>>> print(open('model.csv').read())   # CSV, C-alpha atoms
chain,number,residue,atom,x,y,z
A,1,MET,CA,90.4,-5.5,-155.0
A,2,LYS,CA,88.8,-3.6,-152.1
A,3,THR,CA,85.5,-4.8,-150.8
A,4,GLY,CA,84.4,-1.4,-149.5
A,5,SER,CA,84.6,-2.6,-145.9
A,6,SER,CA,87.8,-2.0,-144.1
A,7,ALA,CA,87.0,-4.8,-141.6
A,8,ILE,CA,86.7,-7.3,-144.5
A,9,ASP,CA,89.8,-5.9,-146.2
A,10,ARG,CA,91.8,-6.1,-143.0
A,11,LEU,CA,90.8,-9.8,-142.5
A,12,VAL,CA,91.5,-10.6,-146.1
A,13,ALA,CA,95.0,-9.0,-145.7
A,14,GLN,CA,95.7,-11.1,-142.6
A,15,LEU,CA,94.4,-14.3,-144.1
A,16,SER,CA,96.5,-13.7,-147.3
A,17,LYS,CA,99.6,-14.2,-145.1
A,18,LEU,CA,98.7,-17.9,-144.6
A,19,PRO,CA,100.9,-20.2,-146.7
A,20,GLY,CA,99.5,-20.8,-150.1
A,21,VAL,CA,96.6,-18.5,-149.6
A,22,GLY,CA,96.1,-15.7,-152.2
A,23,GLU,CA,93.8,-12.8,-152.1
A,24,LYS,CA,90.9,-14.6,-153.8
A,25,THR,CA,91.0,-17.6,-151.3
A,26,ALA,CA,91.4,-15.2,-148.4
A,27,ARG,CA,88.3,-13.3,-149.5
A,28,ARG,CA,86.4,-16.7,-149.7
A,29,PHE,CA,87.6,-17.5,-146.2
A,30,ALA,CA,86.5,-14.0,-144.9
A,31,PHE,CA,83.0,-14.3,-146.3
A,32,HIS,CA,82.8,-17.8,-145.0
A,33,ILE,CA,83.6,-16.5,-141.5
A,34,LEU,CA,81.1,-13.6,-142.0
A,35,ASN,CA,78.3,-16.0,-143.0
A,36,ALA,CA,79.1,-18.7,-140.4
A,37,PRO,CA,77.2,-18.9,-137.1
A,38,GLU,CA,78.5,-16.2,-134.7
A,39,ALA,CA,80.1,-18.8,-132.4
A,40,TYR,CA,82.5,-19.9,-135.2
A,41,ALA,CA,84.3,-16.5,-135.4
A,42,GLU,CA,84.7,-16.4,-131.7
A,43,GLU,CA,85.9,-20.0,-131.5
A,44,LEU,CA,88.4,-19.5,-134.3
A,45,ALA,CA,89.8,-16.3,-132.9
A,46,GLY,CA,90.0,-17.9,-129.4
A,47,ALA,CA,91.9,-20.9,-130.8
A,48,ILE,CA,94.4,-18.6,-132.7
A,49,ILE,CA,95.1,-16.7,-129.5
A,50,ASP,CA,95.3,-19.9,-127.5
A,51,ILE,CA,97.8,-21.6,-129.7
A,52,ARG,CA,100.3,-18.9,-129.0
A,53,ARG,CA,99.5,-18.7,-125.3
A,54,ARG,CA,99.3,-22.3,-124.4
A,55,THR,CA,102.2,-23.9,-126.3
A,56,ARG,CA,105.9,-23.7,-125.8
A,57,LEU,CA,108.9,-25.7,-126.8
A,58,CYS,CA,109.8,-28.9,-124.9
A,59,SER,CA,113.0,-28.3,-123.0
A,60,LEU,CA,114.4,-31.7,-124.2
A,61,CYS,CA,113.4,-32.2,-127.8
A,62,CYS,CA,112.3,-28.6,-128.8
A,63,ASN,CA,109.0,-29.9,-130.2
A,64,VAL,CA,105.9,-27.7,-129.7
A,65,THR,CA,104.1,-28.8,-126.5
A,66,GLU,CA,101.7,-27.7,-123.8
A,67,GLU,CA,103.5,-29.6,-121.1
A,68,ASP,CA,107.2,-29.7,-120.5
A,69,PRO,CA,108.7,-32.2,-121.1
A,70,CYS,CA,106.4,-33.2,-124.0
A,71,ASP,CA,104.3,-36.4,-124.2
A,72,ILE,CA,106.9,-38.2,-126.3
A,73,CYS,CA,109.9,-37.3,-124.1
A,74,ARG,CA,107.9,-38.4,-121.0
A,75,SER,CA,106.7,-41.6,-122.5
A,76,SER,CA,108.0,-44.8,-121.0
A,77,HIS,CA,107.0,-46.8,-124.1
A,78,ARG,CA,109.6,-45.3,-126.3
A,79,ASP,CA,113.2,-46.3,-127.1
A,80,GLY,CA,115.2,-43.7,-125.2
A,81,GLN,CA,118.4,-44.8,-127.0
A,82,VAL,CA,117.5,-43.4,-130.4
A,83,VAL,CA,116.8,-39.8,-131.4
A,84,CYS,CA,115.4,-38.8,-134.8
A,85,VAL,CA,116.4,-35.3,-135.8
A,86,VAL,CA,113.9,-33.4,-137.9
A,87,GLU,CA,113.4,-29.9,-139.3
A,88,ARG,CA,109.8,-29.1,-138.2
A,89,PRO,CA,107.2,-30.3,-135.6
A,90,THR,CA,105.1,-31.5,-138.6
A,91,ASP,CA,107.9,-33.9,-139.5
A,92,VAL,CA,107.5,-35.5,-136.1
A,93,LEU,CA,103.8,-36.2,-136.9
A,94,ALA,CA,104.6,-37.6,-140.3
A,95,ILE,CA,107.3,-39.9,-139.0
A,96,ASP,CA,105.3,-41.1,-136.0
A,97,LYS,CA,102.4,-41.8,-138.3
A,98,THR,CA,104.4,-44.5,-140.1
A,99,GLY,CA,104.4,-46.7,-137.0
A,100,GLU,CA,108.0,-47.7,-138.0
A,101,TYR,CA,109.7,-45.6,-135.4
A,102,ARG,CA,109.3,-45.6,-131.6
A,103,GLY,CA,112.3,-43.6,-130.5
A,104,LEU,CA,112.6,-40.0,-129.4
A,105,TYR,CA,112.8,-36.9,-131.6
A,106,HIS,CA,114.7,-33.6,-131.8
A,107,VAL,CA,113.2,-30.6,-133.7
A,108,LEU,CA,115.8,-28.3,-135.2
A,109,HIS,CA,113.2,-25.6,-136.3
A,110,GLY,CA,115.1,-25.1,-139.5
A,111,VAL,CA,118.3,-26.1,-141.3
A,112,ILE,CA,121.6,-24.4,-141.7
A,113,SER,CA,121.2,-22.1,-144.8
A,114,PRO,CA,124.2,-19.8,-145.3
A,115,LEU,CA,122.4,-18.0,-148.2
A,116,ASP,CA,119.5,-17.1,-145.9
A,117,GLY,CA,121.9,-16.1,-143.1
A,118,ILE,CA,120.9,-19.1,-141.0
A,119,GLY,CA,123.9,-20.5,-139.2
A,120,PRO,CA,124.2,-23.4,-136.7
A,121,ASP,CA,123.4,-21.1,-133.8
A,122,ASP,CA,120.1,-20.1,-135.4
A,123,ILE,CA,118.6,-23.6,-135.1
A,124,LYS,CA,118.2,-25.9,-132.1
A,125,LEU,CA,121.6,-27.7,-132.4
A,126,ALA,CA,123.0,-26.6,-129.0
A,127,PRO,CA,120.1,-28.3,-127.1
A,128,LEU,CA,120.7,-31.4,-129.2
A,129,LEU,CA,124.4,-31.6,-128.2
A,130,ALA,CA,123.7,-30.8,-124.6
A,131,ARG,CA,121.1,-33.6,-124.6
A,132,LEU,CA,123.4,-36.1,-126.2
A,133,ARG,CA,126.3,-35.4,-123.9
A,134,ASP,CA,124.7,-36.7,-120.7
A,135,SER,CA,122.4,-39.5,-122.0
A,136,SER,CA,122.3,-43.1,-123.0
A,137,ILE,CA,121.5,-42.2,-126.6
A,138,ARG,CA,123.4,-44.5,-129.0
A,139,GLU,CA,122.0,-43.5,-132.4
A,140,VAL,CA,121.0,-40.2,-134.0
A,141,ILE,CA,118.9,-40.6,-137.2
A,142,VAL,CA,119.1,-37.4,-139.3
A,143,ALA,CA,115.7,-37.0,-141.0
A,144,THR,CA,116.2,-33.5,-142.5
A,145,ASN,CA,114.8,-33.0,-145.9
A,146,PRO,CA,116.8,-34.2,-148.9
A,147,SER,CA,117.5,-30.7,-150.0
A,148,VAL,CA,120.9,-29.0,-150.4
A,149,ASN,CA,120.5,-27.4,-146.9
A,150,GLY,CA,119.1,-30.5,-145.4
A,151,GLU,CA,122.0,-32.6,-146.6
A,152,ALA,CA,124.5,-30.0,-145.4
A,153,THR,CA,122.9,-29.9,-142.0
A,154,ALA,CA,123.0,-33.7,-141.9
A,155,THR,CA,126.7,-33.6,-142.6
A,156,TYR,CA,127.2,-30.9,-140.0
A,157,ILE,CA,125.4,-32.9,-137.4
A,158,HIS,CA,127.5,-36.0,-138.2
A,159,ARG,CA,130.6,-34.0,-137.7
A,160,LEU,CA,129.4,-32.8,-134.3
A,161,VAL,CA,127.9,-36.0,-133.0
A,162,ALA,CA,130.3,-38.7,-134.2
A,163,PRO,CA,133.1,-37.6,-131.8
A,164,LEU,CA,130.7,-38.3,-128.9
A,165,GLY,CA,130.8,-42.0,-129.9
A,166,ILE,CA,127.2,-42.0,-131.1
A,167,GLN,CA,126.2,-43.5,-134.4
A,168,VAL,CA,124.8,-41.1,-136.9
A,169,THR,CA,122.5,-42.4,-139.6
A,170,ARG,CA,120.6,-40.8,-142.5
A,171,ILE,CA,117.2,-41.8,-143.7
A,172,ALA,CA,117.3,-43.7,-147.0
A,173,LEU,CA,116.8,-41.7,-150.2
A,174,GLY,CA,115.4,-43.5,-153.2
A,175,ILE,CA,112.4,-44.2,-155.4
A,176,PRO,CA,109.1,-43.4,-153.5
A,177,VAL,CA,106.9,-46.5,-152.9
A,178,GLY,CA,104.4,-46.8,-155.8
A,179,ALA,CA,106.3,-44.4,-158.1
A,180,ASP,CA,107.4,-45.1,-161.6
A,181,ILE,CA,111.1,-45.6,-162.2
A,182,GLU,CA,110.6,-44.2,-165.7
A,183,PHE,CA,109.5,-40.9,-164.3
A,184,ALA,CA,111.9,-40.6,-161.4
A,185,ASP,CA,114.3,-37.7,-161.6
A,186,LYS,CA,117.9,-38.7,-162.3
A,187,VAL,CA,119.3,-37.6,-158.9
A,188,THR,CA,116.8,-39.7,-157.0
A,189,LEU,CA,117.3,-42.7,-159.4
A,190,GLY,CA,121.1,-42.3,-159.0
A,191,ARG,CA,120.7,-42.4,-155.2
A,192,ALA,CA,118.5,-45.4,-155.4
A,193,LEU,CA,121.1,-47.2,-157.4
A,194,ALA,CA,124.0,-46.2,-155.3
A,195,GLN,CA,122.2,-47.2,-152.1
A,196,ARG,CA,121.0,-50.5,-153.5
A,197,ARG,CA,120.9,-53.4,-151.0
A,198,PRO,CA,120.7,-57.2,-151.1
A,199,ILE,CA,117.2,-58.7,-151.3
B,1,MET,CA,96.2,-37.2,-136.7
B,2,LYS,CA,96.6,-35.6,-133.3
B,3,THR,CA,99.5,-33.4,-132.6
B,4,GLY,CA,99.6,-34.1,-128.9
B,5,SER,CA,98.7,-30.5,-128.1
B,6,SER,CA,95.0,-29.8,-127.6
B,7,ALA,CA,95.5,-26.1,-128.4
B,8,ILE,CA,96.9,-27.0,-131.8
B,9,ASP,CA,94.3,-29.7,-132.4
B,10,ARG,CA,91.5,-27.2,-131.6
B,11,LEU,CA,92.8,-24.6,-134.0
B,12,VAL,CA,93.3,-27.3,-136.7
B,13,ALA,CA,89.6,-28.3,-136.2
B,14,GLN,CA,88.4,-24.7,-136.5
B,15,LEU,CA,90.6,-24.0,-139.6
B,16,SER,CA,89.4,-27.2,-141.2
B,17,LYS,CA,85.9,-25.7,-141.4
B,18,LEU,CA,87.1,-23.0,-143.9
B,19,PRO,CA,86.0,-23.8,-147.4
B,20,GLY,CA,88.4,-26.1,-149.3
B,21,VAL,CA,90.7,-26.6,-146.3
B,22,GLY,CA,91.4,-30.1,-145.2
B,23,GLU,CA,93.2,-31.3,-142.1
B,24,LYS,CA,96.6,-31.2,-143.7
B,25,THR,CA,96.3,-27.6,-144.9
B,26,ALA,CA,94.7,-26.6,-141.6
B,27,ARG,CA,97.7,-28.0,-139.8
B,28,ARG,CA,100.0,-26.1,-142.1
B,29,PHE,CA,98.1,-22.9,-141.3
B,30,ALA,CA,98.2,-23.6,-137.5
B,31,PHE,CA,102.0,-24.1,-137.5
B,32,HIS,CA,102.4,-21.0,-139.6
B,33,ILE,CA,100.4,-19.0,-137.0
B,34,LEU,CA,102.5,-20.6,-134.3
B,35,ASN,CA,105.8,-19.7,-135.9
B,36,ALA,CA,104.8,-16.2,-137.1
B,37,PRO,CA,105.6,-13.1,-135.1
B,38,GLU,CA,103.3,-12.9,-132.0
B,39,ALA,CA,101.6,-9.8,-133.4
B,40,TYR,CA,100.2,-11.8,-136.3
B,41,ALA,CA,98.1,-14.1,-134.2
B,42,GLU,CA,96.6,-11.2,-132.4
B,43,GLU,CA,95.9,-9.2,-135.5
B,44,LEU,CA,94.4,-12.2,-137.2
B,45,ALA,CA,92.2,-13.0,-134.2
B,46,GLY,CA,91.2,-9.3,-133.9
B,47,ALA,CA,90.3,-9.1,-137.6
B,48,ILE,CA,88.1,-12.2,-137.3
B,49,ILE,CA,86.2,-10.8,-134.3
B,50,ASP,CA,85.9,-7.4,-136.0
B,51,ILE,CA,84.5,-8.6,-139.3
B,52,ARG,CA,81.4,-9.9,-137.3
B,53,ARG,CA,81.2,-6.9,-135.1
B,54,ARG,CA,81.7,-4.1,-137.6
B,55,THR,CA,79.8,-5.2,-140.6
B,56,ARG,CA,76.0,-5.4,-141.3
B,57,LEU,CA,73.8,-5.5,-144.3
B,58,CYS,CA,73.0,-2.4,-146.2
B,59,SER,CA,69.3,-1.6,-145.7
B,60,LEU,CA,68.9,-0.8,-149.4
B,61,CYS,CA,70.9,-3.4,-151.3
B,62,CYS,CA,71.6,-6.0,-148.6
B,63,ASN,CA,75.3,-6.0,-149.4
B,64,VAL,CA,77.7,-6.4,-146.5
B,65,THR,CA,78.8,-2.9,-145.3
B,66,GLU,CA,80.2,-1.0,-142.4
B,67,GLU,CA,78.0,2.1,-143.0
B,68,ASP,CA,74.4,2.1,-143.9
B,69,PRO,CA,73.6,2.8,-146.7
B,70,CYS,CA,76.7,1.3,-148.3
B,71,ASP,CA,79.2,3.1,-150.5
B,72,ILE,CA,77.6,2.0,-153.7
B,73,CYS,CA,74.1,3.0,-152.7
B,74,ARG,CA,75.3,6.4,-151.5
B,75,SER,CA,77.4,7.1,-154.5
B,76,SER,CA,76.3,9.9,-156.8
B,77,HIS,CA,78.4,8.6,-159.7
B,78,ARG,CA,76.3,5.6,-160.3
B,79,ASP,CA,73.3,5.0,-162.5
B,80,GLY,CA,70.4,4.8,-160.1
B,81,GLN,CA,68.1,3.5,-162.7
B,82,VAL,CA,69.6,0.0,-163.1
B,83,VAL,CA,69.9,-2.7,-160.4
B,84,CYS,CA,72.0,-5.8,-160.8
B,85,VAL,CA,70.7,-8.7,-158.7
B,86,VAL,CA,73.4,-11.1,-157.5
B,87,GLU,CA,73.6,-14.1,-155.2
B,88,ARG,CA,76.6,-13.1,-153.0
B,89,PRO,CA,78.6,-10.1,-151.9
B,90,THR,CA,81.6,-11.5,-153.7
B,91,ASP,CA,79.6,-11.3,-157.0
B,92,VAL,CA,79.3,-7.6,-156.5
B,93,LEU,CA,83.1,-7.3,-156.4
B,94,ALA,CA,83.5,-9.5,-159.5
B,95,ILE,CA,81.0,-7.5,-161.5
B,96,ASP,CA,82.3,-4.1,-160.4
B,97,LYS,CA,85.8,-5.2,-161.3
B,98,THR,CA,84.8,-5.6,-165.0
B,99,GLY,CA,84.3,-1.8,-165.2
B,100,GLU,CA,81.4,-2.5,-167.6
B,101,TYR,CA,78.7,-1.8,-165.0
B,102,ARG,CA,78.1,1.4,-163.0
B,103,GLY,CA,74.6,0.9,-161.7
B,104,LEU,CA,73.4,-0.3,-158.3
B,105,TYR,CA,73.3,-3.8,-156.9
B,106,HIS,CA,71.0,-6.0,-154.9
B,107,VAL,CA,72.4,-9.0,-153.0
B,108,LEU,CA,70.0,-12.0,-152.5
B,109,HIS,CA,72.2,-13.9,-150.1
B,110,GLY,CA,71.3,-17.2,-151.8
B,111,VAL,CA,68.9,-18.5,-154.5
B,112,ILE,CA,65.6,-20.3,-154.3
B,113,SER,CA,66.4,-24.0,-153.8
B,114,PRO,CA,63.4,-26.1,-153.0
B,115,LEU,CA,65.5,-29.3,-152.5
B,116,ASP,CA,67.5,-27.5,-149.8
B,117,GLY,CA,64.3,-26.0,-148.3
B,118,ILE,CA,65.2,-22.5,-149.3
B,119,GLY,CA,62.1,-20.6,-150.5
B,120,PRO,CA,61.6,-17.1,-151.7
B,121,ASP,CA,61.2,-15.8,-148.2
B,122,ASP,CA,64.6,-17.1,-147.2
B,123,ILE,CA,66.5,-14.8,-149.5
B,124,LYS,CA,66.4,-11.0,-149.8
B,125,LEU,CA,63.6,-10.8,-152.3
B,126,ALA,CA,61.2,-8.8,-150.2
B,127,PRO,CA,63.7,-5.9,-149.7
B,128,LEU,CA,64.3,-5.9,-153.5
B,129,LEU,CA,60.6,-5.6,-154.3
B,130,ALA,CA,60.1,-2.9,-151.6
B,131,ARG,CA,63.0,-1.0,-153.1
B,132,LEU,CA,61.7,-1.3,-156.7
B,133,ARG,CA,58.2,-0.1,-155.8
B,134,ASP,CA,59.1,3.4,-154.8
B,135,SER,CA,62.1,4.2,-157.0
B,136,SER,CA,63.0,5.4,-160.4
B,137,ILE,CA,64.6,2.0,-161.4
B,138,ARG,CA,63.8,1.0,-164.9
B,139,GLU,CA,65.9,-2.1,-165.4
B,140,VAL,CA,66.7,-5.2,-163.3
B,141,ILE,CA,69.7,-7.3,-164.5
B,142,VAL,CA,69.5,-10.7,-163.0
B,143,ALA,CA,73.1,-12.0,-162.5
B,144,THR,CA,72.5,-15.1,-160.5
B,145,ASN,CA,74.7,-18.1,-161.4
B,146,PRO,CA,73.7,-20.1,-164.5
B,147,SER,CA,72.8,-23.1,-162.3
B,148,VAL,CA,69.3,-24.8,-162.1
B,149,ASN,CA,68.5,-22.8,-159.0
B,150,GLY,CA,70.0,-19.6,-160.3
B,151,GLU,CA,67.9,-19.9,-163.5
B,152,ALA,CA,64.8,-20.7,-161.5
B,153,THR,CA,65.4,-17.7,-159.3
B,154,ALA,CA,65.9,-15.5,-162.3
B,155,THR,CA,62.5,-16.7,-163.7
B,156,TYR,CA,60.9,-16.1,-160.4
B,157,ILE,CA,62.3,-12.5,-160.2
B,158,HIS,CA,61.1,-11.8,-163.7
B,159,ARG,CA,57.6,-12.9,-162.7
B,160,LEU,CA,57.6,-10.6,-159.7
B,161,VAL,CA,59.2,-7.6,-161.2
B,162,ALA,CA,57.8,-7.4,-164.8
B,163,PRO,CA,54.3,-6.4,-163.5
B,164,LEU,CA,55.8,-3.3,-162.0
B,165,GLY,CA,56.6,-2.1,-165.5
B,166,ILE,CA,60.4,-2.6,-165.0
B,167,GLN,CA,62.4,-4.3,-167.6
B,168,VAL,CA,64.1,-7.6,-166.4
B,169,THR,CA,67.2,-8.8,-168.2
B,170,ARG,CA,69.5,-11.8,-167.7
B,171,ILE,CA,73.3,-11.8,-168.2
B,172,ALA,CA,74.4,-13.5,-171.4
B,173,LEU,CA,75.4,-17.2,-171.2
B,174,GLY,CA,77.9,-18.5,-173.8
B,175,ILE,CA,81.5,-19.4,-174.5
B,176,PRO,CA,83.9,-17.8,-172.0
B,177,VAL,CA,86.4,-15.4,-173.6
B,178,GLY,CA,89.6,-17.2,-174.5
B,179,ALA,CA,88.0,-20.7,-174.2
B,180,ASP,CA,88.1,-23.4,-176.8
B,181,ILE,CA,84.8,-24.2,-178.6
B,182,GLU,CA,86.0,-27.7,-179.1
B,183,PHE,CA,86.1,-28.2,-175.3
B,184,ALA,CA,83.0,-26.2,-174.3
B,185,ASP,CA,80.2,-28.4,-172.8
B,186,LYS,CA,77.2,-28.9,-175.0
B,187,VAL,CA,74.8,-26.9,-172.9
B,188,THR,CA,77.0,-23.8,-172.9
B,189,LEU,CA,77.6,-24.3,-176.7
B,190,GLY,CA,73.9,-24.7,-177.3
B,191,ARG,CA,73.2,-21.4,-175.4
B,192,ALA,CA,75.9,-19.6,-177.3
B,193,LEU,CA,74.3,-20.7,-180.6
B,194,ALA,CA,70.8,-19.9,-179.5
B,195,GLN,CA,71.8,-16.4,-178.3
B,196,ARG,CA,74.0,-15.6,-181.3
B,197,ARG,CA,73.9,-12.0,-182.4
B,198,PRO,CA,74.7,-10.0,-185.6
B,199,ILE,CA,78.3,-8.8,-185.8
>>> encode(input="model.csv", output="structure tokens")
Amino acid sequence: MKTGSSAIDRLVAQLSKLPGVGEKTARRFAFHILNAPEAYAEELAGAIIDIRRRTRLCSLCCNVTEEDPCDICRSSHRDGQVVCVVERPTDVLAIDKTGEYRGLYHVLHGVISPLDGIGPDDIKLAPLLARLRDSSIREVIVATNPSVNGEATATYIHRLVAPLGIQVTRIALGIPVGADIEFADKVTLGRALAQRRPI
Amino acid sequence: MKTGSSAIDRLVAQLSKLPGVGEKTARRFAFHILNAPEAYAEELAGAIIDIRRRTRLCSLCCNVTEEDPCDICRSSHRDGQVVCVVERPTDVLAIDKTGEYRGLYHVLHGVISPLDGIGPDDIKLAPLLARLRDSSIREVIVATNPSVNGEATATYIHRLVAPLGIQVTRIALGIPVGADIEFADKVTLGRALAQRRPI
């Protein structure tokens, strides 16, 4: 549905490309920007340009950062012997927020996905191996998503890393805390049973 | 939750101001912009700046437009004797999309809302009256929202416009098409009964 203003239509088209944003929501955003104080549009546009200009990937862990190496890699308060391998920078935030983990990270920026034409060379596996070769790292925790591709990537990493004499572990899969066993899907419930542990 | 990059945090803060967008969604948007092709960030930022720079209000109907008067006011295919009064530019789009209306519009940019300190002078009522005084308009359809303030504004407009010898009508309120009478709220159902009409 055209608004009659090409400037609005153009912004709606750009906003519609954001994840989960349809045309209706995009139009709502566009009119919000139009009606907001003038400074808001400028600040928002500036922040969008800045995020591309000021960030890069950490040369150690491949996480998004403004300084290289990133805060986490530079920190002296972290356990430098453990690396948690994740798919996305947002996974680093989620895991760090738990407070259960104080080691380092490695961001793959994807998983191996043959059907989508994504092979081992298309994700940040080479930097991970280079990093593991000359380091004191003794454990790699693979925290890719429990999807088909995430599991395959975990297996692939195990095969690459185990020969280096480094332990490779996988995050536990099971019933989410607070969930109902009755409504758990059978694959998850099966995993939770198979991976049961003594109390 | 901070990402460790002030550029990302700043964009997340700006995106969080969009309607219905919380911090988590804003972060998802920010990482999407970060991972999208470079041209996207520039096009999005450009479109945001442009929407403020290139649009203004139509001097006749107060709708957002790039050219003054706007497309609708300039059109020779519309019934220039009817004006539909709405709250927002998006209401114009919604009504025009029905295909049931081919008259002109007038955008109030709000409704009278004493509790929020918004009086008749804070919305585009004066331009409406000026427009009605020297024109061939014979009907004003008030299509403000069926809220307390929308109804009050409709009554206010009726009081102003009726003395000019112009008919003032209100859009019908009732059961939405396809809805279940069983689950309709009692106010809507009451209106639908009161405004019943012969088949």
>>> residues_around(input="model.csv", residues="Ala94 (chain B)", least_positions_apart="2", cutoff="12 Å", atoms="all atoms listed in the file", output="list in words")
Met1, Lys2, Thr3, Lys24 and Arg27 of chain A; Val86, Glu87, Arg88, Pro89, Thr90, Asp91, Val92, Asp96, Lys97, Thr98, Gly99, Glu100, Tyr101, Tyr105 and Ala143 of chain B
>>> closest_residue(input="model.csv", among="B:His109, B:Arg191, B:Lys124, B:Lys186", to="chain A", atoms="all atoms listed in the file")
B:His109
>>> interface_residues(input="model.csv", of="chain A", to="chain B", cutoff="7 Å", atoms="all atoms listed in the file", output="PyMOL selection string")
chain A and resi 3-5+7-8+10-11+14+18-19+29+32+34+41-42+44-45+47-52+54+65-66+93
>>> closest_residue(input="model.csv", among="A:Pro69, A:Pro176, A:Gly150, A:Pro163", to="Leu189 (chain A)", atoms="all atoms listed in the file")
A:Pro176
>>> atom_distance(input="model.csv", atom1="CA of Leu193 (chain B)", atom2="CA of Gly174 (chain B)")
8.0 Å
>>> residues_near_point(input="model.csv", point="(61.7, -13.3, -151.8)", cutoff="10 Å", atoms="all atoms listed in the file", output="list in words")
Leu108, Val111, Ile112, Gly119, Pro120, Asp121, Asp122, Ile123, Lys124, Leu125, Ala126, Pro127, Leu128, Leu129, Thr153, Tyr156, Ile157 and Leu160 of chain B
>>> closest_residue(input="model.csv", among="B:Arg133, B:Cys61, B:Ile199, B:Phe183", to="Ala162 (chain B)", atoms="all atoms listed in the file")
B:Arg133
>>> residues_around(input="model.csv", residues="Cys84 (chain B)", least_positions_apart="5", cutoff="8 Å", atoms="all atoms listed in the file", output="ChimeraX atom specification")
/B:103-106,140-143
>>> atom_distance(input="model.csv", atom1="CA of Ala154 (chain B)", atom2="CA of Val82 (chain B)")
16.0 Å
